[in-house]
Amino acid sequence: DIGRITSKGRQGDSMKLQTKVLSVSAFLAVIAAGAVLFFSKEAVSLILIQGVADRGFLESTKIAQNMNIGIDRNDEKILLPLLHDVVARTHASYAMALDSRGVVVAHTNIIEKGKTYSDSATRYALSLEKQGFQLIDFNGAKMLDTAIPIWATDEDFLLAQEKKGQ
């Protein structure tokens, strides 16, 4: 009888150990699966955002080439139809043209004309030497903000970098 009790006791301890190992393994598997989902969500989100930004750049670049004259002349009448075209093509909330100091030359919300933007998103956009994007907080929601620099069309274009051109 003593041999049987000891054998059953060892089986019970073995079952408890297996249950503990299985429980810990299951817990770690759930944690690992959660981490994979979290990081893959972030990666997929970034890929989707980049795709939207690229489509916006493609459509906006077609129009941006025609904006030089309006920006050089500081002419809202030339720029507004182009900006509205950008909004229509990209389904953007708004579009604007800023000078190198952040002053609004033209905006699809015409009340904004002449205002100076100095927020961090604008400073970042004005610092770009080529197209770029960022996610910004806009009235409590995330918004994709894209920017395309348009360089001055004067004869010193090739020297614009050295002369701190616009």
# chains A, B, ... in the order shown; residues from 1 in each chain; ligands from 1
call {"tool": "select_by_dssp", "arguments": {"residues": "stretch 83-160 of chain A", "states": "helix (DSSP H, G or I)", "output": "JSON, numbers by chain"}}
result
{"A": [83, 84, 85, 86, 87, 88, 89, 90, 110, 111, 112, 120, 121, 122, 123, 124, 125, 126, 127, 157, 158, 159]}
call {"tool": "residues_around", "arguments": {"residues": "stretch 118-126 of chain A", "least_positions_apart": "4", "cutoff": "7 Å", "atoms": "only C-alpha atoms", "output": "list in words"}}
result
Ser100, Gly102 and Ala147 of chain A
call {"tool": "atom_distance", "arguments": {"atom1": "atom CA of A:Pro149", "atom2": "atom CA of A:Ser127"}}
result
8.9 Å
call {"tool": "atom_distance", "arguments": {"atom1": "atom CA of A:Trp151", "atom2": "atom CA of A:Ile69"}}
result
10.8 Å
call {"tool": "closest_residue", "arguments": {"among": "A:Gln134, A:Gln18, A:Ser25, A:Ser93", "to": "A:Thr108", "atoms": "only C-alpha atoms"}}
result
A:Ser93
call {"tool": "residues_around", "arguments": {"residues": "A:Val103", "least_positions_apart": "3", "cutoff": "10 Å", "atoms": "only C-alpha atoms", "output": "PyMOL selection string"}}
result
chain A and resi 97-100+106+112-118
call {"tool": "write_last_selection", "arguments": {"atoms": "C-alpha atoms", "output": "tab-separated table (two decimals), in the first residue's frame"}}
result
chain	number	residue	atom	x	y	z
A	97	ALA	CA	0.47	77.95	-50.41
A	98	LEU	CA	2.89	79.48	-47.92
A	99	ASP	CA	5.88	81.67	-48.52
A	100	SER	CA	9.22	80.78	-46.93
A	106	ALA	CA	-3.41	81.43	-50.70
A	112	GLU	CA	-6.53	82.37	-43.77
A	113	LYS	CA	-4.84	84.54	-46.44
A	114	GLY	CA	-2.14	86.77	-44.97
A	115	LYS	CA	-1.89	84.92	-41.65
A	116	THR	CA	1.50	83.70	-40.51
A	117	TYR	CA	1.73	80.09	-39.34
A	118	SER	CA	4.51	79.36	-36.87
call {"tool": "select_by_dssp", "arguments": {"residues": "stretch 64-123 of chain A", "states": "strand (DSSP E)", "output": "PyMOL selection string"}}
result
chain A and resi 96-98+104-107
call {"tool": "closest_residue", "arguments": {"among": "A:Ile63, A:Val21, A:Val30, A:Leu80", "to": "A:Tyr94", "atoms": "only C-alpha atoms"}}
result
A:Leu80
